[in-house]
>>> print(open('my_file_36.csv').read())   # CSV, C-alpha atoms
chain,number,residue,atom,x,y,z
A,1,MET,CA,0.0,0.0,0.0
A,2,LYS,CA,1.2,3.5,-0.8
A,3,TYR,CA,0.1,6.6,1.0
A,4,LYS,CA,-1.2,9.5,-1.1
A,5,VAL,CA,0.6,12.8,-0.6
A,6,ILE,CA,-0.2,16.3,-1.9
A,7,ILE,CA,2.2,19.3,-1.8
A,8,ILE,CA,0.9,22.8,-1.2
A,9,GLU,CA,3.7,25.3,-2.0
A,10,ASP,CA,3.8,28.4,-4.1
A,11,ASP,CA,7.6,28.4,-4.8
A,12,PRO,CA,8.1,26.1,-7.8
A,13,MET,CA,11.7,25.3,-6.9
A,14,VAL,CA,10.8,24.3,-3.3
A,15,ALA,CA,7.8,22.3,-4.6
A,16,SER,CA,10.1,20.5,-7.0
A,17,ILE,CA,12.6,19.6,-4.3
A,18,ASN,CA,9.7,18.4,-2.0
A,19,LYS,CA,8.5,16.3,-4.9
A,20,GLN,CA,11.9,14.7,-5.3
A,21,TYR,CA,12.1,14.0,-1.6
A,22,VAL,CA,8.7,12.3,-1.5
A,23,SER,CA,9.5,10.2,-4.6
A,24,ARG,CA,12.5,8.7,-2.8
A,25,ASN,CA,10.2,7.0,-0.4
A,26,ASN,CA,8.6,3.9,-2.0
A,27,GLN,CA,5.7,3.9,0.5
A,28,LEU,CA,4.5,7.3,-0.8
A,29,GLU,CA,2.7,8.4,-3.9
A,30,LEU,CA,2.4,12.0,-5.0
A,31,ALA,CA,-1.2,12.8,-5.9
A,32,GLY,CA,-0.8,16.5,-6.7
A,33,ILE,CA,1.0,19.9,-6.3
A,34,PHE,CA,-0.9,23.1,-5.6
A,35,SER,CA,0.4,26.7,-5.4
A,36,ASN,CA,-2.0,27.9,-2.7
A,37,GLY,CA,-4.3,26.6,0.1
A,38,SER,CA,-7.5,27.4,-1.8
A,39,ASP,CA,-6.7,25.0,-4.7
A,40,GLY,CA,-5.6,22.4,-2.2
A,41,LEU,CA,-9.0,22.6,-0.4
A,42,LYS,CA,-10.9,22.3,-3.6
A,43,TYR,CA,-8.9,19.1,-4.5
A,44,LEU,CA,-9.6,17.6,-1.0
A,45,GLU,CA,-13.4,18.1,-1.6
A,46,ASP,CA,-13.3,15.2,-4.0
A,47,HIS,CA,-10.2,13.3,-3.1
A,48,ILE,CA,-8.8,11.5,-0.1
A,49,VAL,CA,-5.1,11.8,0.8
A,50,ASP,CA,-3.0,10.6,3.7
A,51,LEU,CA,-0.5,13.4,4.0
A,52,ILE,CA,-0.1,17.1,3.1
A,53,ILE,CA,3.2,18.8,2.8
A,54,LEU,CA,2.2,22.4,3.5
A,55,ASP,CA,3.9,25.8,3.2
A,56,MET,CA,3.0,28.7,5.4
A,57,TYR,CA,3.3,31.9,3.3
A,58,MET,CA,1.3,31.6,0.0
A,59,PRO,CA,-0.9,33.9,-2.1
A,60,VAL,CA,-4.7,33.5,-2.1
A,61,MET,CA,-4.8,31.4,1.0
A,62,ASP,CA,-1.8,30.8,3.3
A,63,GLY,CA,-1.1,27.7,5.3
A,64,LYS,CA,-2.7,28.8,8.6
A,65,ILE,CA,-6.0,29.8,7.0
A,66,PHE,CA,-5.8,26.5,5.1
A,67,LEU,CA,-5.4,24.6,8.3
A,68,ASN,CA,-8.3,26.5,9.9
A,69,HIS,CA,-10.6,25.4,7.0
A,70,LEU,CA,-9.2,21.9,6.9
A,71,ARG,CA,-9.8,21.1,10.6
A,72,ALA,CA,-13.2,23.0,10.6
A,73,SER,CA,-14.4,20.6,7.9
A,74,GLY,CA,-13.5,17.7,10.1
A,75,ASN,CA,-10.6,16.4,7.9
A,76,PRO,CA,-8.1,14.7,10.1
A,77,VAL,CA,-5.4,14.2,7.4
A,78,ASP,CA,-1.8,14.4,8.6
A,79,VAL,CA,0.2,17.5,7.8
A,80,ILE,CA,3.9,18.3,7.7
A,81,MET,CA,4.5,22.1,7.8
A,82,VAL,CA,7.4,23.2,5.7
A,83,THR,CA,8.1,27.0,6.2
A,84,ALA,CA,10.5,29.8,6.8
A,85,ALA,CA,8.3,30.9,9.8
A,86,SER,CA,10.4,30.0,12.9
A,87,ASP,CA,9.1,32.5,15.5
A,88,ILE,CA,7.7,30.9,18.6
A,89,SER,CA,4.2,32.5,18.3
A,90,ASN,CA,3.7,31.0,14.8
A,91,ILE,CA,5.1,27.6,15.8
A,92,ARG,CA,2.8,27.4,18.9
A,93,SER,CA,-0.2,28.4,16.9
A,94,LEU,CA,0.5,26.0,14.0
A,95,LEU,CA,1.3,23.0,16.3
A,96,SER,CA,-2.2,23.4,17.8
A,97,TYR,CA,-3.5,21.9,14.5
A,98,GLY,CA,-2.0,18.6,15.2
A,99,LEU,CA,1.0,18.6,12.8
A,100,VAL,CA,3.1,15.5,12.3
A,101,ASP,CA,6.2,17.6,12.1
A,102,TYR,CA,7.4,21.2,11.5
A,103,LEU,CA,10.4,21.8,9.2
A,104,VAL,CA,12.1,25.2,9.0
A,105,LYS,CA,13.5,26.2,5.6
A,106,PRO,CA,16.2,25.5,4.5
A,107,PHE,CA,16.5,21.8,5.5
A,108,GLU,CA,18.3,18.8,4.2
A,109,TYR,CA,16.8,15.6,2.9
A,110,SER,CA,17.9,13.6,6.0
A,111,ARG,CA,15.6,15.8,8.2
A,112,PHE,CA,12.7,15.6,5.7
A,113,ALA,CA,13.1,11.8,5.7
A,114,VAL,CA,12.8,11.8,9.5
A,115,ALA,CA,9.5,13.6,9.2
A,116,LEU,CA,8.2,11.2,6.6
A,117,ASP,CA,9.3,8.3,8.8
A,118,LYS,CA,7.3,9.7,11.7
A,119,PHE,CA,4.2,9.8,9.5
A,120,ILE,CA,4.7,6.2,8.2
A,121,GLN,CA,5.3,4.8,11.7
A,122,LYS,CA,2.1,6.5,12.9
A,123,GLN,CA,0.1,5.0,10.0
A,124,ASN,CA,1.5,1.5,10.6
A,125,LEU,CA,0.8,1.7,14.3
A,126,ILE,CA,-2.9,2.7,13.6
A,127,GLU,CA,-3.4,0.1,10.8
A,128,HIS,CA,-1.9,-2.9,12.5
A,129,ASN,CA,-3.5,-2.6,15.9
A,130,GLN,CA,-7.1,-2.9,16.8
A,131,GLY,CA,-6.4,-1.7,20.3
A,132,LEU,CA,-3.4,0.0,21.8
A,133,SER,CA,-1.6,-0.9,25.0
A,134,GLN,CA,-0.5,2.0,27.2
A,135,GLN,CA,3.1,1.7,25.9
A,136,GLN,CA,1.9,1.8,22.3
A,137,LEU,CA,-0.3,4.8,23.1
A,138,ASP,CA,2.6,6.6,24.7
A,139,GLU,CA,4.8,5.9,21.7
A,140,PHE,CA,2.0,7.1,19.4
A,141,LEU,CA,1.6,10.4,21.2
A,142,SER,CA,5.3,11.1,21.4
A,143,ASN,CA,6.1,10.0,17.9
A,144,ALA,CA,9.1,8.0,19.2
A,145,SER,CA,9.6,4.5,20.5
A,146,SER,CA,10.8,3.8,24.0
A,147,SER,CA,13.8,2.1,22.6
A,148,ARG,CA,14.9,5.3,20.9
A,149,HIS,CA,14.6,7.2,24.1
A,150,SER,CA,16.9,4.7,25.8
A,151,GLU,CA,19.4,4.9,22.9
A,152,LYS,CA,19.7,8.6,23.2
A,153,GLU,CA,21.1,8.1,26.7
A,154,ILE,CA,23.7,5.7,25.4
A,155,LEU,CA,24.8,7.5,22.3
A,156,PRO,CA,26.9,10.3,23.8
A,157,SER,CA,29.3,7.8,25.4
A,158,LYS,CA,29.8,6.2,21.9
A,159,GLY,CA,30.5,9.4,20.2
A,160,LEU,CA,27.3,9.1,18.1
A,161,GLN,CA,24.6,11.7,17.4
A,162,SER,CA,20.9,10.9,17.9
A,163,LYS,CA,19.8,13.0,14.9
A,164,THR,CA,22.3,11.3,12.6
A,165,LEU,CA,21.2,7.9,13.8
A,166,ASP,CA,17.5,8.9,13.2
A,167,SER,CA,18.4,10.0,9.6
A,168,ILE,CA,20.2,6.7,8.9
A,169,ARG,CA,17.2,4.7,10.4
A,170,ALA,CA,14.8,6.7,8.3
A,171,TYR,CA,16.7,5.7,5.1
A,172,LEU,CA,17.0,2.0,6.2
A,173,GLU,CA,13.3,1.8,7.0
A,174,GLN,CA,12.6,2.7,3.4
A,175,HIS,CA,14.7,-0.2,2.2
A,176,ILE,CA,13.7,-3.1,4.5
A,177,GLY,CA,14.6,-6.4,3.0
A,178,GLU,CA,17.3,-4.9,0.7
A,179,GLY,CA,21.0,-5.5,0.9
A,180,LEU,CA,22.8,-2.1,1.2
A,181,THR,CA,26.5,-1.2,1.1
A,182,SER,CA,28.0,1.6,3.2
A,183,GLU,CA,28.6,3.5,0.0
A,184,GLN,CA,24.9,3.4,-1.0
A,185,ILE,CA,23.8,4.6,2.4
A,186,ALA,CA,26.5,7.3,2.6
A,187,ASP,CA,25.4,8.7,-0.8
A,188,GLU,CA,21.8,8.9,0.1
A,189,VAL,CA,22.1,10.2,3.7
A,190,GLY,CA,25.0,12.6,2.9
A,191,LEU,CA,27.6,11.3,5.3
A,192,SER,CA,31.0,9.8,4.8
A,193,ARG,CA,31.5,6.0,4.4
A,194,VAL,CA,33.6,5.9,7.5
A,195,THR,CA,30.8,7.6,9.5
A,196,ILE,CA,28.2,5.2,8.1
A,197,ARG,CA,30.2,2.2,9.1
A,198,ARG,CA,30.4,3.4,12.7
A,199,TYR,CA,26.7,3.8,13.0
A,200,MET,CA,26.1,0.5,11.2
A,201,ASN,CA,28.3,-1.3,13.7
A,202,TYR,CA,26.3,0.3,16.5
A,203,LEU,CA,23.0,-0.9,14.9
A,204,ILE,CA,24.5,-4.4,14.5
A,205,GLU,CA,25.2,-4.4,18.3
A,206,LEU,CA,21.5,-3.6,18.8
A,207,LYS,CA,20.6,-6.4,16.5
A,208,GLU,CA,18.7,-4.0,14.3
A,209,VAL,CA,21.1,-4.7,11.4
A,210,SER,CA,22.8,-7.8,10.2
A,211,SER,CA,25.7,-8.0,7.7
A,212,ASP,CA,27.4,-10.4,5.4
A,213,VAL,CA,30.2,-10.2,2.9
A,214,ASP,CA,29.8,-10.1,-0.9
A,215,TYR,CA,32.8,-11.6,-2.6
A,216,ASN,CA,31.4,-11.3,-6.1
A,217,THR,CA,32.4,-7.7,-6.6
A,218,GLY,CA,35.3,-8.3,-9.0
A,219,GLY,CA,37.6,-6.6,-6.5
A,220,ARG,CA,37.7,-6.0,-2.8
A,221,PRO,CA,34.8,-7.8,-1.0
A,222,SER,CA,32.0,-5.5,0.1
A,223,ILE,CA,30.0,-5.6,3.4
A,224,ILE,CA,26.2,-5.8,2.8
A,225,TYR,CA,23.9,-4.6,5.5
A,226,HIS,CA,20.3,-5.7,6.1
A,227,TYR,CA,17.9,-3.8,8.2
A,228,ASN,CA,15.9,-6.2,10.5
A,229,ARG,CA,13.9,-3.8,12.6
A,230,GLU,CA,10.1,-4.2,12.2
A,231,ILE,CA,8.1,-1.0,11.9
A,232,LEU,CA,5.1,-1.1,14.3
>>> encode(input="my_file_36.csv", output="structure tokens")
Amino acid sequence: MKYKVIIIEDDPMVASINKQYVSRNNQLELAGIFSNGSDGLKYLEDHIVDLIILDMYMPVMDGKIFLNHLRASGNPVDVIMVTAASDISNIRSLLSYGLVDYLVKPFEYSRFAVALDKFIQKQNLIEHNQGLSQQQLDEFLSNASSSRHSEKEILPSKGLQSKTLDSIRAYLEQHIGEGLTSEQIADEVGLSRVTIRRYMNYLIELKEVSSDVDYNTGGRPSIIYHYNREIL
């Protein structure tokens, strides 16, 4: 199953970048791009989508007014806000609409991927559980698993960064079942191969990742990583 996504963004270049980022995730399908909130609302009158990537400042109808109309209509669709608005009053106001995440321009793909990962984990949790335990409910409300909270306490002593680990996990979760080299992961996440190997060794310790060696490379053998962690 693929989740349908629409992008509401008046800057064609930013819209194009967001489109490229969404297309990298094989669990998402882009359903449309709109240059203002009014056009987005008209589309939603006749179409159901799972996620909206929304800008704040747009002509005709900005992101805040769009969210007002969206929630007033009873539409609970998930929204990721992508905007240059970073003042606390705007953030507090927009978060009250139940956003999945809030990204401040400019941002890198790795941070965008983390936001998409939050959305997908939330969807999987809802779809695969008829009733939630207290622990699952706590994870749902915080958008983070208890295991990741405990890992953040361990990471500093290992010289690793939580945000970097989250970015790597976000990429790996898009490629569950695939064999990946450190070179492939490094190119997509934007880190060095040496850095990737350090984080992969850590994930192997946690038994989230397994590895084997590919000797059929025609040269130096290559380590292949497999992500084993199940998404709730």
>>> atom_distance(input="my_file_36.csv", atom1="CA of Val5 (chain A)", atom2="CA of His47 (chain A)")
11.1 Å
>>> closest_residue(input="my_file_36.csv", among="A:Leu41, A:Val194, A:Leu103, A:Leu28", to="Asp55 (chain A)", atoms="all atoms listed in the file")
A:Leu103
>>> closest_residue(input="my_file_36.csv", among="A:Asp87, A:Asp50, A:Asp101, A:Asp62", to="Gln123 (chain A)", atoms="all atoms listed in the file")
A:Asp50
>>> residues_around(input="my_file_36.csv", residues="Ser211 (chain A)", least_positions_apart="5", cutoff="9 Å", atoms="only C-alpha atoms", output="list in words")
Gly179, Ile204, Ile223, Ile224, Tyr225, His226 and Tyr227 of chain A
>>> atom_distance(input="my_file_36.csv", atom1="CA of Asp39 (chain A)", atom2="CA of Val60 (chain A)")
9.1 Å
>>> atom_distance(input="my_file_36.csv", atom1="CA of Met58 (chain A)", atom2="CA of Ser35 (chain A)")
7.3 Å
>>> closest_residue(input="my_file_36.csv", among="A:Met13, A:Val100, A:Asn26, A:Ile53", to="Lys122 (chain A)", atoms="all atoms listed in the file")
A:Val100
>>> residues_around(input="my_file_36.csv", residues="Phe107 (chain A)", least_positions_apart="3", cutoff="12 Å", atoms="only C-alpha atoms", output="list in words")
Val14, Ile17, Asn18, Tyr21, Val82, Thr83, Ala84, Tyr102, Leu103, Val104, Ser110, Arg111, Phe112, Ala113, Val114 and Ala115 of chain A
>>> residues_around(input="my_file_36.csv", residues="Tyr199 (chain A)", least_positions_apart="4", cutoff="7 Å", atoms="only C-alpha atoms", output="ChimeraX atom specification")
/A:165,195,203
>>> residues_around(input="my_file_36.csv", residues="Asp117 (chain A)", least_positions_apart="5", cutoff="10 Å", atoms="all atoms listed in the file", output="list in words")
Asn25, Arg111, Phe112, Lys122, Gln123, Asn143, Asp166, Ser167, Arg169, Ala170, Tyr171, Glu173, Gln174 and Ile231 of chain A
>>> write_last_selection(input="my_file_36.csv", atoms="C-alpha atoms", output="PDB file, in the frame of the given file")
ATOM      1  CA  ASN A  25      10.200   7.000  -0.400  1.00  0.00           C
ATOM      2  CA  ARG A 111      15.600  15.800   8.200  1.00  0.00           C
ATOM      3  CA  PHE A 112      12.700  15.600   5.700  1.00  0.00           C
ATOM      4  CA  LYS A 122       2.100   6.500  12.900  1.00  0.00           C
ATOM      5  CA  GLN A 123       0.100   5.000  10.000  1.00  0.00           C
ATOM      6  CA  ASN A 143       6.100  10.000  17.900  1.00  0.00           C
ATOM      7  CA  ASP A 166      17.500   8.900  13.200  1.00  0.00           C
ATOM      8  CA  SER A 167      18.400  10.000   9.600  1.00  0.00           C
ATOM      9  CA  ARG A 169      17.200   4.700  10.400  1.00  0.00           C
ATOM     10  CA  ALA A 170      14.800   6.700   8.300  1.00  0.00           C
ATOM     11  CA  TYR A 171      16.700   5.700   5.100  1.00  0.00           C
ATOM     12  CA  GLU A 173      13.300   1.800   7.000  1.00  0.00           C
ATOM     13  CA  GLN A 174      12.600   2.700   3.400  1.00  0.00           C
ATOM     14  CA  ILE A 231       8.100  -1.000  11.900  1.00  0.00           C
TER      15      ILE A 231
END
>>> build_atoms(input="my_file_36.csv", residues="region 44-68 of chain A", atoms="N, CA, C and O atoms", output="mmCIF file, in the frame of the given file")
data_model
loop_
_atom_site.group_PDB
_atom_site.id
_atom_site.type_symbol
_atom_site.label_atom_id
_atom_site.label_comp_id
_atom_site.auth_asym_id
_atom_site.auth_seq_id
_atom_site.Cartn_x
_atom_site.Cartn_y
_atom_site.Cartn_z
ATOM 1 N N LEU A 44 -9.283 18.535 -2.145
ATOM 2 C CA LEU A 44 -9.600 17.600 -1.000
ATOM 3 C C LEU A 44 -11.161 17.442 -0.930
ATOM 4 O O LEU A 44 -11.616 16.526 -0.235
ATOM 5 N N GLU A 45 -11.943 18.279 -1.594
ATOM 6 C CA GLU A 45 -13.400 18.100 -1.600
ATOM 7 C C GLU A 45 -13.788 16.783 -2.263
ATOM 8 O O GLU A 45 -14.802 16.164 -1.907
ATOM 9 N N ASP A 46 -12.990 16.360 -3.249
ATOM 10 C CA ASP A 46 -13.300 15.200 -4.000
ATOM 11 C C ASP A 46 -12.293 14.058 -3.945
ATOM 12 O O ASP A 46 -12.453 13.009 -4.573
ATOM 13 N N HIS A 47 -11.216 14.293 -3.195
ATOM 14 C CA HIS A 47 -10.200 13.300 -3.100
ATOM 15 C C HIS A 47 -9.710 13.092 -1.683
ATOM 16 O O HIS A 47 -9.711 14.026 -0.888
ATOM 17 N N ILE A 48 -9.326 11.863 -1.383
ATOM 18 C CA ILE A 48 -8.800 11.500 -0.100
ATOM 19 C C ILE A 48 -7.306 11.334 -0.164
ATOM 20 O O ILE A 48 -6.820 10.604 -1.028
ATOM 21 N N VAL A 49 -6.570 11.997 0.702
ATOM 22 C CA VAL A 49 -5.100 11.800 0.800
ATOM 23 C C VAL A 49 -4.724 11.476 2.191
ATOM 24 O O VAL A 49 -5.515 11.636 3.128
ATOM 25 N N ASP A 50 -3.496 10.996 2.352
ATOM 26 C CA ASP A 50 -3.000 10.600 3.700
ATOM 27 C C ASP A 50 -2.101 11.595 4.320
ATOM 28 O O ASP A 50 -1.983 11.625 5.540
ATOM 29 N N LEU A 51 -1.444 12.422 3.497
ATOM 30 C CA LEU A 51 -0.500 13.400 4.000
ATOM 31 C C LEU A 51 -0.415 14.616 3.167
ATOM 32 O O LEU A 51 -0.482 14.542 1.939
ATOM 33 N N ILE A 52 -0.269 15.772 3.831
ATOM 34 C CA ILE A 52 -0.100 17.100 3.100
ATOM 35 C C ILE A 52 1.214 17.678 3.551
ATOM 36 O O ILE A 52 1.505 17.786 4.742
ATOM 37 N N ILE A 53 2.024 18.052 2.563
ATOM 38 C CA ILE A 53 3.200 18.800 2.800
ATOM 39 C C ILE A 53 2.857 20.284 2.550
ATOM 40 O O ILE A 53 2.568 20.670 1.420
ATOM 41 N N LEU A 54 2.831 21.103 3.597
ATOM 42 C CA LEU A 54 2.200 22.400 3.500
ATOM 43 C C LEU A 54 3.172 23.568 3.809
ATOM 44 O O LEU A 54 3.898 23.551 4.802
ATOM 45 N N ASP A 55 3.136 24.587 2.940
ATOM 46 C CA ASP A 55 3.900 25.800 3.200
ATOM 47 C C ASP A 55 3.048 26.788 3.993
ATOM 48 O O ASP A 55 1.821 26.652 4.063
ATOM 49 N N MET A 56 3.688 27.756 4.603
ATOM 50 C CA MET A 56 3.000 28.700 5.400
ATOM 51 C C MET A 56 2.573 29.962 4.585
ATOM 52 O O MET A 56 1.401 30.319 4.489
ATOM 53 N N TYR A 57 3.549 30.628 3.969
ATOM 54 C CA TYR A 57 3.300 31.900 3.300
ATOM 55 C C TYR A 57 3.014 31.639 1.796
ATOM 56 O O TYR A 57 3.915 31.278 1.032
ATOM 57 N N MET A 58 1.740 31.849 1.390
ATOM 58 C CA MET A 58 1.300 31.600 0.000
ATOM 59 C C MET A 58 0.275 32.674 -0.370
ATOM 60 O O MET A 58 -0.422 33.189 0.511
ATOM 61 N N PRO A 59 0.140 32.978 -1.658
ATOM 62 C CA PRO A 59 -0.900 33.900 -2.100
ATOM 63 C C PRO A 59 -2.289 33.222 -2.012
ATOM 64 O O PRO A 59 -2.377 32.006 -1.863
ATOM 65 N N VAL A 60 -3.347 34.012 -2.117
ATOM 66 C CA VAL A 60 -4.700 33.500 -2.100
ATOM 67 C C VAL A 60 -5.164 32.995 -0.768
ATOM 68 O O VAL A 60 -6.101 33.490 -0.155
ATOM 69 N N MET A 61 -4.469 31.949 -0.309
ATOM 70 C CA MET A 61 -4.800 31.400 1.000
ATOM 71 C C MET A 61 -3.494 30.790 1.588
ATOM 72 O O MET A 61 -2.893 29.889 1.017
ATOM 73 N N ASP A 62 -3.064 31.319 2.751
ATOM 74 C CA ASP A 62 -1.800 30.800 3.300
ATOM 75 C C ASP A 62 -2.058 29.543 4.127
ATOM 76 O O ASP A 62 -3.193 29.061 4.256
ATOM 77 N N GLY A 63 -0.979 29.002 4.671
ATOM 78 C CA GLY A 63 -1.100 27.700 5.300
ATOM 79 C C GLY A 63 -1.914 27.711 6.582
ATOM 80 O O GLY A 63 -2.628 26.740 6.867
ATOM 81 N N LYS A 64 -1.881 28.793 7.348
ATOM 82 C CA LYS A 64 -2.700 28.800 8.600
ATOM 83 C C LYS A 64 -4.149 28.881 8.301
ATOM 84 O O LYS A 64 -4.944 28.174 8.952
ATOM 85 N N ILE A 65 -4.560 29.699 7.351
ATOM 86 C CA ILE A 65 -6.000 29.800 7.000
ATOM 87 C C ILE A 65 -6.417 28.412 6.410
ATOM 88 O O ILE A 65 -7.522 27.920 6.681
ATOM 89 N N PHE A 66 -5.539 27.801 5.613
ATOM 90 C CA PHE A 66 -5.800 26.500 5.100
ATOM 91 C C PHE A 66 -6.106 25.474 6.196
ATOM 92 O O PHE A 66 -7.083 24.723 6.153
ATOM 93 N N LEU A 67 -5.231 25.480 7.212
ATOM 94 C CA LEU A 67 -5.400 24.600 8.300
ATOM 95 C C LEU A 67 -6.714 24.837 9.079
ATOM 96 O O LEU A 67 -7.398 23.895 9.517
ATOM 97 N N ASN A 68 -7.069 26.108 9.218
ATOM 98 C CA ASN A 68 -8.300 26.500 9.900
ATOM 99 C C ASN A 68 -9.516 25.823 9.123
ATOM 100 O O ASN A 68 -10.386 25.204 9.738
#
